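Shown next: final_38.cif, given as mmCIF, C-alpha atoms.
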```cif
data_work
#
loop_
_atom_site.group_PDB
_atom_site.id
_atom_site.type_symbol
_atom_site.label_atom_id
_atom_site.label_comp_id
_atom_site.auth_asym_id
_atom_site.auth_seq_id
_atom_site.Cartn_x
_atom_site.Cartn_y
_atom_site.Cartn_z
ATOM 1 C CA MET A 1 0.000 0.000 0.000
ATOM 2 C CA ARG A 2 1.126 3.500 -0.787
ATOM 3 C CA ILE A 3 -0.417 6.591 0.780
ATOM 4 C CA GLN A 4 -0.591 10.025 -0.782
ATOM 5 C CA VAL A 5 -1.946 13.202 0.771
ATOM 6 C CA ASP A 6 -3.096 16.433 -0.818
ATOM 7 C CA SER A 7 -2.067 18.926 1.830
ATOM 8 C CA ASP A 8 -3.490 21.792 -0.245
ATOM 9 C CA SER A 9 -6.969 20.269 0.124
ATOM 10 C CA CYS A 10 -6.562 19.395 3.802
ATOM 11 C CA VAL A 11 -8.752 21.412 6.182
ATOM 12 C CA GLY A 12 -6.955 20.257 9.326
ATOM 13 C CA SER A 13 -9.786 18.291 10.927
ATOM 14 C CA GLY A 14 -7.238 15.882 12.391
ATOM 15 C CA GLN A 15 -9.398 12.774 11.975
ATOM 16 C CA CYS A 16 -6.556 10.898 10.278
ATOM 17 C CA ALA A 17 -4.059 11.710 13.033
ATOM 18 C CA LEU A 18 -6.558 10.667 15.695
ATOM 19 C CA ALA A 19 -7.245 7.374 13.935
ATOM 20 C CA LEU A 20 -3.632 6.478 13.153
ATOM 21 C CA PRO A 21 -0.923 8.602 14.790
ATOM 22 C CA GLU A 22 1.765 6.168 13.620
ATOM 23 C CA VAL A 23 1.128 7.238 10.026
ATOM 24 C CA PHE A 24 -0.445 10.723 10.178
ATOM 25 C CA ASP A 25 0.301 13.880 12.141
ATOM 26 C CA GLN A 26 -0.697 17.521 11.888
ATOM 27 C CA ASP A 27 1.485 20.502 11.111
ATOM 28 C CA ASP A 28 1.887 22.689 14.192
ATOM 29 C CA ALA A 29 1.555 25.881 12.146
ATOM 30 C CA ASP A 30 -1.623 25.256 10.176
ATOM 31 C CA GLY A 31 -3.013 21.869 11.279
ATOM 32 C CA ARG A 32 -2.718 20.272 7.859
ATOM 33 C CA VAL A 33 -1.906 16.613 7.501
ATOM 34 C CA VAL A 34 1.700 15.450 7.729
ATOM 35 C CA LEU A 35 2.397 11.985 6.352
ATOM 36 C CA LEU A 36 4.825 10.109 8.589
ATOM 37 C CA ASP A 37 4.887 6.801 6.692
ATOM 38 C CA ASP A 38 3.831 6.565 3.043
ATOM 39 C CA ARG A 39 4.225 2.757 3.006
ATOM 40 C CA PRO A 40 2.918 1.416 6.307
ATOM 41 C CA PRO A 41 3.132 -2.288 7.184
ATOM 42 C CA ALA A 42 0.354 -4.617 6.071
ATOM 43 C CA GLU A 43 -1.153 -4.890 9.547
ATOM 44 C CA LEU A 44 -2.072 -1.175 9.384
ATOM 45 C CA HIS A 45 -3.714 -1.207 5.939
ATOM 46 C CA GLY A 46 -7.266 -1.562 7.246
ATOM 47 C CA THR A 47 -6.782 1.269 9.718
ATOM 48 C CA VAL A 48 -5.205 3.431 7.001
ATOM 49 C CA ARG A 49 -8.280 2.942 4.828
ATOM 50 C CA GLU A 50 -10.511 3.835 7.759
ATOM 51 C CA ALA A 51 -8.471 6.959 8.512
ATOM 52 C CA ALA A 52 -8.613 8.006 4.854
ATOM 53 C CA SER A 53 -12.387 7.535 4.803
ATOM 54 C CA ARG A 54 -12.733 9.879 7.796
ATOM 55 C CA CYS A 55 -11.172 12.774 5.900
ATOM 56 C CA PRO A 56 -13.976 15.260 5.234
ATOM 57 C CA VAL A 57 -12.355 16.484 1.996
ATOM 58 C CA GLN A 58 -10.897 13.152 0.812
ATOM 59 C CA ALA A 59 -7.332 14.519 0.905
ATOM 60 C CA ILE A 60 -5.872 11.046 1.565
ATOM 61 C CA THR A 61 -5.452 8.335 -1.059
ATOM 62 C CA ALA A 62 -4.429 4.810 -0.078
ATOM 63 C CA GLN A 63 -3.639 2.361 -2.872
#
```
Go ahead and render the structure in this file as structure tokens.
Amino acid sequence: MRIQVDSDSCVGSGQCALALPEVFDQDDADGRVVLLDDRPPAELHGTVREAASRCPVQAITAQ
């Protein structure tokens, strides 16, 4: 799985970081998503998909 984020679209809701802090964080300055791991281990794939689905603007793509 590879994760991509569109930080320009991000509104800083923080749902991804709450769901999976091992993979997502928020920028201290503006709250936008910060991707910590673009290729997480297989055991996190389900949680990554859930975190991506929580994004209100669909700024996260997991393939």
Which residues come within 12 Å of A:Asp27, counting all atoms listed in the file, excluding same-chain residues fewer than 2 positions away, as a ChimeraX atom specification?
-> /A:7,10-14,17,24-25,29-36
Residues near A:Ile60, cut-off 10 Å, only C-alpha atoms, skip fewer than 4 positions along chain, as a compact mmCIF listing (two decimals) with C-alpha atoms, in the coordinates of the input:
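Final output, selection_36.txt:
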```txt
# COMPACT_ATOMS: atom_id res chain seq x y z
CA ILE A 3 -0.42 6.59 0.78
CA GLN A 4 -0.59 10.02 -0.78
CA VAL A 5 -1.95 13.20 0.77
CA ASP A 6 -3.10 16.43 -0.82
CA SER A 7 -2.07 18.93 1.83
CA SER A 9 -6.97 20.27 0.12
CA CYS A 10 -6.56 19.40 3.80
CA CYS A 16 -6.56 10.90 10.28
CA VAL A 33 -1.91 16.61 7.50
CA LEU A 35 2.40 11.98 6.35
CA VAL A 48 -5.20 3.43 7.00
CA ARG A 49 -8.28 2.94 4.83
CA ALA A 51 -8.47 6.96 8.51
CA ALA A 52 -8.61 8.01 4.85
CA SER A 53 -12.39 7.54 4.80
CA ARG A 54 -12.73 9.88 7.80
CA CYS A 55 -11.17 12.77 5.90
CA PRO A 56 -13.98 15.26 5.23
```
Using all atoms listed in the file, which of the listed residues (A:Gln26, A:Gln63, A:Pro21, A:Asp8) sits closest to A:His45?
->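 Among the listed residues, A:Gln63 lies closest to A:His45.
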For the atom pair atom CA of A:Gln15 and atom CA of A:Ala59, what is the interatomic distance in Å to one decimal place?
-> 11.4 Å
By how many Å are atom CA of A:Val57 and atom CA of A:Ala42 apart?
-> 25.0 Å
Please report, as AutoDock Vina command-line options, the centre and edge lengths in Å to one decimal of an axis-aligned box covering all listed atoms of stretch 8-12 of chain A with 8 Å per side.
```
--center_x -6.1 --center_y 20.6 --center_z 4.5 --size_x 21.3 --size_y 18.4 --size_z 25.6
```
Quote the spacing between atom CA of A:Glu43 and atom CA of A:Leu18 in Å to one decimal place.
-> 17.6 Å
So what does the PyMOL selection byres ((chain A and resi 38) around 6) actually pick up in this one, as a list in words?
->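 Selected by the PyMOL selection byres ((chain A and resi 38) around 6) here: Arg2, Ile3, Asp37 and Arg39 of chain A.
Between A:Ala62 and the residues A:Leu20, A:Pro41, A:Gly46, A:Met1, the shortest atom-to-atom distance, using all atoms listed in the file, involves A:Met1.
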